[in-house]
Structures are given as structure tokens and as C-alpha cells.
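Contents: one structure, followed by commentary.
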Amino acid sequence: MSRCVPLSLADEFVARHTCGPLIWCVVFLLRGRPPGAEELRRRVAARWAHLPRMRWVLMPSPGAPAAGRRRWTERSAFVAEHHVLRDPTGRTLEAWASGALTHPLPPDRPLWQLRLMPCPTEGGYGLLLRMHHALADGQSAITLMRLLLDGPGDARPAPARRPERSDPRRVAESYLRAGLAVPLPPGRGVEPALAWSPVDADMFRAARRALPDGTATTTETLMAAAAGSLRGCFGDPAGWPGRGRVFTWVPVSLRTAENADELGNMASALRLPLPVDGDTPVARLSACRGLVDAFGRRALDLPWRLARLVRLMGPRAMDAVLARAMRPSHAAVSCTSLPWGRTPWALDGDPVARVVASSVVPPVGCCHFVLSNYADTPVVAVTTHRLPGDARRLAAAFAREVARLAECGAA
């Protein structure tokens, strides 16, 4: 017998998004011979069947009109044969993931899949976890795969300490300052695209040390490299049409030590200025220092306090707020860092060689950067909804920007 579960505030806002299918993916490359589909289904059923969210169905389904509020319907069990699938050999992992981002999930089932694909040309096989964003966030993927795989060790999410106070000036800038869209030539066809590039771990560590006054955080370095890649691909924003600064969304988990493993959407999205106008890699990194830490605990909760007020005003108000937040001029970029831990993972003895997480397809004109650092093998994935080739150019430019920062750190 099924039961109805109301959507949380975060789930409800995500479910009302209209920019694409809202599916995120995580790809795991494993060394060894792929397991059989039935064997993998048994493991998934044994390790995920107790998780209520893995049995939830969204009503009305994603993409269907919803004048009122949506709800979850919890089923007694999920059917592993519907969710754990084997794909034929023949595609690269990157092309496989790119297709998975734009192909909707079956709406009459819980909104997730785990797909298996042999990829002998890449040295093993791939596992691809894909979920609708209304069901779970990227931090949830870490919890799910930690439960599924063997020996993840330090991959349990560690809640970050937040400062008690906020910097009022930077918080005000986040909400009030005008944004600038990344230029998009008129009359050219746009398409969703995904590309990724490995990042040398030693270079990334050196890049974090590029400033003389201490080591930058991973997120600060990610933002600086993303800013440099945008500037390298599209030029100085002083020559872009429009006025304002380029802004990025930066998700920050709100989980605590008590609910570190909880599935769902439990993050605040900070809107921060991205220093694309900085002339040098070091200047861009310096401009990113302290941006996230300017938001103390109360400031992190502020977006959800406002969202609660908007929800009381009804669905039309929620849709209006989402439409504004999705404008390319409001936030042209997003930058997400996912820590997968330093301890290698395995599946029945087959080691995981690489993990690549990618965001949902962004609104037209926007770019999303996701940095995954698993067992000292960082990879940046860039998802765009722009001109063909933009995702590939930005991913390559990101790796070059890290190398330029590393040179400064080694000097």
C-alpha cells in the first residue's frame, strides 16, 4: 500500500524548475570485468531497499503541468529490474553520460537509475547513477554509492564548520547586484552538452598555494579556474554586451553531523561574483578568497526563509522567483565541488579508477562546473546549454587555468 509524502521546501522548488529534464549523473570507471545485471540488481536491492526515497514517485510527474503543489507517493518497494539496467558497449563514458543528462526518466517510477556499460577501450566498465534533482542532490550521490560500493572509508560527508557571523556587504552584493550573462551570438543553434577533463592533482594542490597569504580552499580555486576559463574562451567581460558582474551559484550543504547521510535536497545556493574581469590567475584567485566564508549560518539560511514566504504566496509566486533565478544574467555559472574521499572504492574487488559528477542541464546561455576529487584523481565536468563545442573548450581551458595557477604556486 502506498502513502503520500509532502515535498520538502527544497524539493518543491526544484520540482517546479522548467529548464530541461533536471537529471544529474555520476559516472564511475571501474577496472575489471563487468558483473552480470542480475548480480548488480541483487546488490542494489540489498543495500538500497531500506531507503524510503528510493521508492518515491513524483505526482504529478516531472514536466506535467502542476497548478498546485506536488507530492511524493511512497511505494512498498522498487523493482530492481526497472532501475538497474545494462547498456550495450560502443560509446565512450563521456558520450554515455551526455545522453543520460537529456533523456527523461520514466515518470511512473521512482526517479533514478543505475546503468552498467562495458567499456573495454577505457579499461573496464562504467556505472552511471542518474537521478532527478527533485529526488536528491549531489551529496546524496556520495551517500548512495558509499552504501553500494566496498571500502569507501572516508567518503562519509563531513559537515563543514560555518562562521557565526556574516559579512553584510558581501551578502548584500549577492542578492542585490546586477548580473551579466556570458555572451551568446544571436541566430546560432544551442544544445545541451557535457565535456570533462582530468586535472593533475599535484597541480591543483600547487594552484591552491598560489597566493602568498595562505592556501585557498578547493571551492575558491574552482571558482578562480572557472573564471579564467570563461575569460580565456569568451574574452574580457568589459567587451561583453550589458552591464554588471558575472555571478555564479555555489551550493553549500546544510547537513550537520546528525544528518550527514540523509538523502534529499539539503543545501543553500550562494550567488557569488565570479572574477572574470581579473587580469591574471592570481588576481582571480585573490578575488575569490573569503567569498563563501562571508556567509555565516544565518546568511546560509536566509534564502530558505525567503522561500518559505514565497511558498505561502502560492505556486505562481514560486514560478516567478524561479524564472528570475534561472536568467543567464542573474547567475551565468554554477560551481560545485564534490569530495568523494581519498580512500579507493571497489565493487567486488574491481577498483574504482575515476569518478565524474555532472550537473543538470543549465538554462540556455549558462555553464555549470563540477569538480570531483576522488582518491587524488580530480576531474572537472562542464555542462553547457550553449553553442556546440563550448563545453569542450571550457573544460580544456579549466585545466590550463589550474596549470597557470600552479606555476604561480611553485614560483
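By convention in this document, the chains of the C-alpha cells carry letters A, B, ... by their order, each chain's residues are numbered from 1, and ligands are numbered from 1 in the order they are shown.
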Stretch 48-60 of chain A: which residues within 6 Å, counting only C-alpha atoms, same-chain residues fewer than 2 positions away excluded, as a PyMOL selection string?
chain A and resi 44-45+70-75+77-78+109-110
Exercise: A:Leu194 partners within 9 Å, only C-alpha atoms, chain neighbours under 4 positions left out, as number ranges by chain:
A: 94-95, 97-99, 101, 358, 361, 381-384, 391-392
Write out as number ranges by chain the set of residues from stretch 79-273 of chain A that DSSP, computed on the backbone, places in helix (DSSP H, G or I).
A: 80-83, 93-102, 120-122, 138-148, 153-155, 168-176, 201-208, 218-234, 237-239
Do a neighbour search on stretch 172-185 of chain A at 6 Å with only C-alpha atoms, toss out local chain neighbours closer than 6 positions, and write the hits as a list in words.
Gly244, Arg245, Val246, Arg271, Leu272, Pro328, Ser329, His330 and Ala332 of chain A
Could you give me the residues within stretch 155-300 of chain A that DSSP places in strand (DSSP E or B), as number ranges by chain?
A: 179, 191-198, 245, 247-253, 267-273
Quick one: of A:Gly189, A:Pro363, A:Pro351, A:Gly389, who's nearest to A:Ala331, counting only C-alpha atoms?
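Once distances to A:Ala331 are computed over only C-alpha atoms, the minimum belongs to A:Pro363.
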In terms of the shortest atom-to-atom distance over only C-alpha atoms, which of A:Gly278, A:Gly264, A:Pro118, A:Gly151 is closest to A:Asp11?
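For A:Asp11, the nearest of the given residues is A:Gly264.
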Tell me, as a PyMOL selection string, which residues lie within 8 Å of A:Phe204, counting only C-alpha atoms; anything in the same chain fewer than 6 positions away does not count.
chain A and resi 402-403+406
If we count only C-alpha atoms, what is near stretch 229-235 of chain A at a cut-off of 10 Å, once residues fewer than 4 positions away on the same chain are taken out, given as a PyMOL selection string?
chain A and resi 182-184+223-225+239-240+274-279+333+367+390+393-402
Limited to N, CA and C atoms, could you put the picked residues into a file as a CSV table (one decimal), in the first residue's frame?
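Heads up, here's the output in out-v7.csv:
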chain,number,residue,atom,x,y,z
A,182,VAL,N,26.9,35.5,-19.9
A,182,VAL,CA,28.0,35.2,-20.9
A,182,VAL,C,27.5,35.3,-22.3
A,183,PRO,N,28.2,36.1,-23.2
A,183,PRO,CA,27.7,36.4,-24.5
A,183,PRO,C,27.4,35.1,-25.3
A,184,LEU,N,26.3,35.2,-26.0
A,184,LEU,CA,25.8,34.1,-26.9
A,184,LEU,C,25.4,34.7,-28.2
A,223,MET,N,36.4,28.2,-8.3
A,223,MET,CA,35.8,29.4,-8.9
A,223,MET,C,36.8,30.2,-9.7
A,224,ALA,N,38.0,30.3,-9.2
A,224,ALA,CA,39.0,31.1,-9.9
A,224,ALA,C,39.3,30.5,-11.2
A,225,ALA,N,39.5,29.1,-11.3
A,225,ALA,CA,39.8,28.5,-12.5
A,225,ALA,C,38.6,28.6,-13.5
A,239,GLY,N,34.1,43.8,-22.7
A,239,GLY,CA,33.7,43.9,-24.1
A,239,GLY,C,32.4,43.1,-24.3
A,240,TRP,N,31.8,42.6,-23.3
A,240,TRP,CA,30.5,41.8,-23.4
A,240,TRP,C,29.3,42.8,-23.4
A,274,LEU,N,31.8,36.2,-9.8
A,274,LEU,CA,32.9,35.4,-10.4
A,274,LEU,C,33.9,36.4,-11.0
A,275,PRO,N,35.1,36.4,-10.6
A,275,PRO,CA,36.1,37.5,-11.1
A,275,PRO,C,36.6,37.3,-12.5
A,276,VAL,N,35.7,37.2,-13.5
A,276,VAL,CA,36.1,37.0,-14.8
A,276,VAL,C,36.9,38.3,-15.3
A,277,ASP,N,36.7,39.4,-14.7
A,277,ASP,CA,37.4,40.6,-15.1
A,277,ASP,C,38.8,40.7,-14.5
A,278,GLY,N,39.2,39.7,-13.7
A,278,GLY,CA,40.6,39.8,-13.2
A,278,GLY,C,41.6,39.5,-14.3
A,279,ASP,N,42.7,40.3,-14.3
A,279,ASP,CA,43.6,40.2,-15.4
A,279,ASP,C,44.6,39.0,-15.4
A,333,VAL,N,26.7,31.1,-14.2
A,333,VAL,CA,27.5,30.0,-14.0
A,333,VAL,C,27.1,29.3,-12.7
A,367,CYS,N,26.6,28.0,-18.0
A,367,CYS,CA,27.6,26.9,-17.9
A,367,CYS,C,27.7,26.4,-16.4
A,390,ASP,N,31.3,24.5,-26.9
A,390,ASP,CA,31.6,25.3,-25.8
A,390,ASP,C,32.0,24.5,-24.5
A,393,ARG,N,35.6,23.3,-24.9
A,393,ARG,CA,36.5,24.4,-24.8
A,393,ARG,C,36.7,24.8,-23.4
A,394,LEU,N,35.6,24.9,-22.6
A,394,LEU,CA,35.7,25.4,-21.2
A,394,LEU,C,36.4,24.3,-20.4
A,395,ALA,N,36.1,23.1,-20.6
A,395,ALA,CA,36.8,22.0,-19.8
A,395,ALA,C,38.3,22.0,-20.0
A,396,ALA,N,38.7,22.2,-21.3
A,396,ALA,CA,40.2,22.2,-21.6
A,396,ALA,C,40.8,23.5,-21.0
A,397,ALA,N,40.0,24.6,-21.1
A,397,ALA,CA,40.6,25.9,-20.6
A,397,ALA,C,40.7,25.9,-19.0
A,398,PHE,N,39.8,25.1,-18.4
A,398,PHE,CA,39.8,25.0,-16.9
A,398,PHE,C,41.1,24.3,-16.5
A,399,ALA,N,41.5,23.2,-17.2
A,399,ALA,CA,42.7,22.5,-16.8
A,399,ALA,C,43.9,23.4,-17.1
A,400,ARG,N,43.9,24.2,-18.2
A,400,ARG,CA,45.0,25.1,-18.4
A,400,ARG,C,45.1,26.2,-17.3
A,401,GLU,N,44.0,26.7,-16.9
A,401,GLU,CA,44.0,27.7,-15.8
A,401,GLU,C,44.6,27.2,-14.5
A,402,VAL,N,44.2,25.9,-14.2
A,402,VAL,CA,44.8,25.3,-13.0
A,402,VAL,C,46.3,25.2,-13.2
Quick one: residues within 6 Å of stretch 296-305 of chain A, only C-alpha atoms, excluding same-chain residues fewer than 5 positions away - as a PDB file with N, CA, C and O atoms, in the first residue's frame?
ATOM      1  N   ARG A 162      30.878  26.426   9.905  1.00  0.00           N
ATOM      2  CA  ARG A 162      30.493  27.692   9.343  1.00  0.00           C
ATOM      3  C   ARG A 162      30.766  28.796  10.359  1.00  0.00           C
ATOM      4  O   ARG A 162      30.571  28.612  11.564  1.00  0.00           O
ATOM      5  N   PRO A 163      31.211  29.962   9.889  1.00  0.00           N
ATOM      6  CA  PRO A 163      31.385  31.088  10.815  1.00  0.00           C
ATOM      7  C   PRO A 163      30.038  31.536  11.372  1.00  0.00           C
ATOM      8  O   PRO A 163      28.999  31.357  10.750  1.00  0.00           O
ATOM      9  N   GLU A 164      30.065  32.093  12.563  1.00  0.00           N
ATOM     10  CA  GLU A 164      28.830  32.550  13.190  1.00  0.00           C
ATOM     11  C   GLU A 164      28.292  33.812  12.519  1.00  0.00           C
ATOM     12  O   GLU A 164      27.087  33.960  12.340  1.00  0.00           O
ATOM     13  N   ARG A 165      29.196  34.716  12.152  1.00  0.00           N
ATOM     14  CA  ARG A 165      28.768  35.999  11.599  1.00  0.00           C
ATOM     15  C   ARG A 165      28.959  36.047  10.091  1.00  0.00           C
ATOM     16  O   ARG A 165      29.716  35.271   9.518  1.00  0.00           O
ATOM     17  N   SER A 166      28.270  36.984   9.470  1.00  0.00           N
ATOM     18  CA  SER A 166      28.349  37.176   8.031  1.00  0.00           C
ATOM     19  C   SER A 166      28.909  38.554   7.720  1.00  0.00           C
ATOM     20  O   SER A 166      28.857  39.470   8.548  1.00  0.00           O
TER      21      SER A 166
END
So how far away is atom CA of A:Ser372 from atom CA of A:Pro251, in Å?
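Pair atom CA of A:Pro251 / atom CA of A:Ser372 returns 14.0 Å.
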Between atom CA of A:Pro315 and atom CA of A:Pro104, what is the distance, to one decimal in Å?
23.6 Å
Counting only C-alpha atoms, the option among A:Gly349, A:Gly138, A:Pro281, A:Gly228 closest to A:Arg208
A:Pro281
Point out the residue among A:Ala357, A:Cys408, A:Met326, A:Ile23 with the least atom-to-atom distance to A:Ala283, counting only C-alpha atoms.
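The shortest atom-to-atom distance to A:Ala283 comes from A:Cys408.
With distances taken over only C-alpha atoms, A:Arg47 is the one residue among A:Arg324, A:Arg47, A:Arg3, A:Arg91 lying closest to A:Met145.
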List as number ranges by chain the protein and nucleic acid residues near A:Pro88, meaning an atom at most 8 Å away when only C-alpha atoms are counted, but skip any in the same chain fewer than 2 places from it.
A: 86, 90, 117-118
When you count only C-alpha atoms, which of these residues is closest to A:Val171: A:Leu291, A:Ala353, A:Ala307, A:Ala134?
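Going through A:Leu291, A:Ala353, A:Ala307, A:Ala134 one by one, the smallest distance to A:Val171 is for A:Leu291.
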